[in-house]
Every structure is written in structure tokens, then in C-alpha cells.
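**Q** Sharing a structure below in C-alpha cells format, with a few things to ask.
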Amino acid sequence: MEGMYKKSKFKFLARVLIFISAVAFFISSFNFEAVATVYRGNKKIPDNKINSSQTQNRRQQNQNFNRYNQPVNKNSNAENIYNSQPRFSPYYAGSVRQDILNAALNELNYIRQIAGVPANVVLSPELNDLAQHGAVLLDALDTLTHTPSRPRDMDKNFYDKGYQATSHGNVHVGKIYYNGNMSGNSSLTKTLLDYATDDGHNTSTVGHRRWLLNPRLKKTGFGISTRNGYSVMYVIDEYKNYDAYIKNMAWPIRDDFISWPAKNNNHPVKYFPDSAPWSVSLNNTVYEKCDDNKIQVKLTLLNTGRTWNFSYNGHNDGYFNISHDGYAWDECIIFRPDNFEGYEAGQRWQVEISGLRKKNGMRPKIFFTTNFI
């Protein structure tokens with residue numbers, strides 16, 4: 001009996017050692033370099049479908065993302081995102097923790113860097129305070145609007161600050177969360193992606209996106225109220241001279257237009273979901289007002305050669321609109337293809353826009369490509 005017991009014990013130990021060795025080999029076979037593999041959902045895009053220049057640029061995008069998205073303090077959630085919590089009736093705006101504000105700012109500058117506009121926006125304590133008043137004002141009414149009414153139990157000074165923010169900012173409502181285990185993983189940073197996407201009823205103007213990518217934006221502020229999930233981003237930083245600001249807008253970059261997704265650049269597919277419309281905002285110091293009936297857009301998926309055409313005259317292969325609203329810039333051409341399988345890393349798209357007229361009388365076409373990574 002004793003011999004059988006020792007023999008069984010030896011077999012058991014041998015099996016354990018074999019199992020441990022197999023696990024060690026299995027783990028060692030993995031490559032943990034994040035930039036070496038591109039995924040769309042659970043679908044891997046083979047590396048041989050992405051050329052070396054795209055791989056190098058993808059590494060640069062990851063480096064920029066890491067630089068802009070620095071970690072925030074852990075152990076944070078919807079209940080403790082504040083330095084001091086808001087109160088209702090009597091009203092107190094409260095203030096959001098600085099590391100969470102910084103994470104939102106980093107996300108904003110990363111999005112702007114993708115688009116090729118100045119990515120050096122800074123936080124303003126004054127604008128943070130106004131945006132926080134705006135978020136509490138919207139939360140008190142539980143209504144998403146840029147022009148909120150004054151609650152009966154709110155004093156005029158509080159209301160005026162809140163109204164200043166909502167009427168000069170992007171506003172948002174949604175679930176408040178913060179897991180604290182990932183850089184930028186908060187509802188406040190998530191609003192930046194929602195503003196950049198600007199789908200649904202925002203498609204006709206993509207106004208939130210246009211303010212987000214406004215080249216003149218230098219300062220911003222964020223506010224958030226957790227009771228019903230309202231947040232405000234201050235986007236018109238020269239609010240005290242708003243009329244002059246709109247009238248005298250100069251284009252602080254050399255480009256004739258700003259596009260989303262990014263022109264002639266790699267664009268992370270995470271930042272352009274399938275529901276998002278394409279947009280091209282024109283430099284109003286270079287281009288005349290669009291003659292809507294002459295504008296034609298051709299969108300081509302270069303990987304396959306398939307094309308989509310858009311105009312006010314004739315058949316449209318999807319959604320098309322030309323917005324003349326003053327969201328940072330007056331002229332914006334907006335389009336979205338129908339009947340396609342979705343955006344994936346490795347795709348190359350080309351945009352061609354004709355029918356434009358410059359202030360010098362020339363009638364150039366706009367050409368650019370976008371590489372999704």
C-alpha cells in the first residue's frame with residue numbers, strides 16, 4: 001500500500017510540473033507590443049494589410065495618445081469626482097477634481113491634434129467655474145438646452161453664470177461614471193468623443209464638432225453634475241466680446257479647410273464610429289459662401305474602388321447637407337455614405353469636392369485622403 005501511495009504521488013507531481021511548463025510556454029509565446037496588432041472590435045486586421053509607413057504613423061499616434069492622456073488618480077467614481085459636491089436649493093456649484101478636468105483637456109487636445117488644429121488649449125479656472133454653474137443649472141431643470149430658464153428657487157447671480165456657460169458651450173447629458181482604472185475613462189472625457197461624433201439629430205450641422213475643432217480656441221472649462229448626468233464644455237472662450245469674436249475670426253493655420261475624419265493623416269477608427277458624418281469646414285478668409293447647387297462630393301474607398309456621390313442635384317448615395325450656421329465657421333459640407341460595411345483599420349478613403357469658389361476668383365477642387373488605423 002505504501003509503495004502504491006508513493007507511486008501515485010509521483011505521478012501527480014509529474015503532471016503538475018508538466019502543466020506549469022505548458023502554461024509558462026503558452027504565456028511566453030504572446031507578443032504584448034500594443035502597436036503591433038490592429039483590431040476592429042474582436043476582428044484582427046492582419047499586419048500584412050498595413051504598410052510600413054502606416055505602422056510607423058500608428059506608433060506615433062499611440063505615443064501622442066499616451067502623452068496627452070496621462071493617468072488620473074485611482075479609486076474615483078461618480079460619487080467622488082468632486083473637490084466639493086454641488087448642492088440644490090440652496091444652490092452651490094461645487095468643483096470637479098483637477099485630475100479629472102486634466103483628463104478631459106488631454107482628450108480634447110488629442111482630438112484636435114488628430115485633426116491638425118492647434119492642440120494647445122488650456123483650462124481656465126474662470127471657465128471651469130462657469131461651466132460647473134451651467135451643469136448644475138441644467139441638472140436642476142433636468143433639461144438639455146443652451147437657453148435654460150431660471151428655476152424659481154435659484155438666485156440671479158448663480159443663474160447668470162450658468163446661462164453664460166450653456167449659451168456659450170457644448171452641453172451633454174448621459175450616465176455619469178468613472179472607473180479610475182484607465183486613463184481618461186470617465187463620462188467627462190467620453191463627452192469629447194460624443195461631440196466629435198455629432199451623429200443623430202446633430203448631423204445636419206455637426207456644431208459640437210466644429211466648436212471642438214475651432215482653430216481659435218485657446219481656453220476652455222468643464223463642469224459636470226451627477227444627479228441627472230449633465231455636463232458643459234465652454235467653447236467660446238472670448239465670450240465677453242462675442243460679437244467681435246465672431247465678426248473678426250481669423251484662421252490661425254495655413255490650411256484652407258478642416259476635415260473630420262482627418263485629411264491626409266492617420267485617423268484612429270475609435271474616433272470615427274460608423275454613424276458619424278464626414279465634415280469639411282471651409283476657411284472663410286479663403287472661400288466664398290458655398291453655392292449649394294454647385295457643390296458635388298465624391299467619396300471613394302480606395303481599397304475597393306467603390307464610390308459614393310453627394311449633391312443637391314441628382315441622386316445621393318447617403319446623407320448630404322451644407323450648413324451655413326455660425327458654429328466656429330460659417331460654411332461646412334457634411335456627408336455620410338449609406339450601404340457600406342463600416343470603417344475599419346487599414347481602410348484608405350479619398351474625398352473630392354468640386355463647385356467651390358475662392359475669394360480670388362479661382363475654382364479649385366478639394367482632394368484629400370484619410371487612412372483609418
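Residues in the C-alpha cells are named by chain (A, B, ... in the order shown) and by number from 1 within that chain; ligands are numbered from 1 in the order shown.
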Quick one: which region 184-235 of chain A residues come within 12 Å of region 149-167 of chain A, and what is the nearest atom pair for each with the distance in Å to one decimal, counting only C-alpha atoms, rows ordered by chain and ascending number, as a tab-separated table?
**A**
residue	atom	partner	partner_atom	distance
A:Thr220	CA	A:Ala165	CA	10.6
A:Gly221	CA	A:Ala165	CA	9.2
A:Phe222	CA	A:Ala165	CA	9.6
A:Gly223	CA	A:Ala165	CA	9.3
A:Ile224	CA	A:Gly162	CA	11.8
A:Tyr230	CA	A:Thr166	CA	10.9
A:Ser231	CA	A:Thr166	CA	9.5
A:Val232	CA	A:Thr166	CA	6.7
A:Met233	CA	A:Ala165	CA	7.9
A:Tyr234	CA	A:Ala165	CA	6.1
A:Val235	CA	A:Ala165	CA	8.8
**Q** In Å, rounded to a single decimal, give me how far CA of Asn170 (chain A) is from CA of Gln85 (chain A).
**A**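 Between CA of Gln85 (chain A) and CA of Asn170 (chain A) the gap is 21.8 Å.
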**Q** Could you go through region 169-357 of chain A and tell me which residues DSSP, when run on the backbone, assigns to strand (DSSP E), listing them as a PyMOL selection string?
**A** chain A and resi 169-173+219-225+230-234+257-260+265-267+278-282+296-301+306-311+318-323+332-337+348-354
**Q** Write out as a tab-separated table the residues of region 116-213 of chain A that have any atom within 8 Å of an atom of region 272-280 of chain A, one row each with the nearest atom pair and its distance in Å to one decimal, counting only C-alpha atoms, sorted by chain and then rising number.
**A**
residue	atom	partner	partner_atom	distance
A:Thr197	CA	A:Ala276	CA	5.2
A:Asp198	CA	A:Ala276	CA	6.6
A:Asp199	CA	A:Ala276	CA	5.2
A:Gly200	CA	A:Ser275	CA	7.9
A:Thr203	CA	A:Pro277	CA	6.5
A:Val206	CA	A:Ser279	CA	7.7
**Q** Sorted by chain and rising residue number, list the residues of region 194-223 of chain A at most 8 Å from region 108-122 of chain A (counting only C-alpha atoms), each with its closest atom pair and distance in Å to one decimal, as a tab-separated table.
**A**
residue	atom	partner	partner_atom	distance
A:Leu212	CA	A:Leu108	CA	7.5
A:Leu213	CA	A:Arg112	CA	5.9
A:Asn214	CA	A:Val117	CA	7.7
A:Pro215	CA	A:Val117	CA	5.6
A:Leu217	CA	A:Val121	CA	6.6
A:Lys218	CA	A:Val121	CA	4.6
A:Lys219	CA	A:Val122	CA	5.0
A:Thr220	CA	A:Val122	CA	6.4
**Q** Residues of region 157-372 of chain A in helix (DSSP H, G or I) according to DSSP, as JSON, numbers by chain?
**A** {"A": [157, 158, 159, 160, 161, 162, 163, 164, 165, 166, 187, 188, 189, 190, 191, 192, 193, 194, 195, 196, 197, 200, 201, 202, 207, 208, 209, 210, 211, 212, 239, 240, 241, 242, 243, 244, 245, 246, 247, 269, 270, 271, 292, 293, 294]}
**Q** State, in Å with one decimal place, the distance from CA of Leu299 (chain A) to CA of Arg209 (chain A).
**A**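 CA of Leu299 (chain A) sits 20.4 Å away from CA of Arg209 (chain A).
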**Q** Considering only C-alpha atoms, state which residue in the set A:Leu193, A:Ala262, A:Leu188, A:Leu144 is at the smallest distance from Asn102 (chain A).
**A**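 Selected residue with least distance to Asn102 (chain A): A:Leu188.
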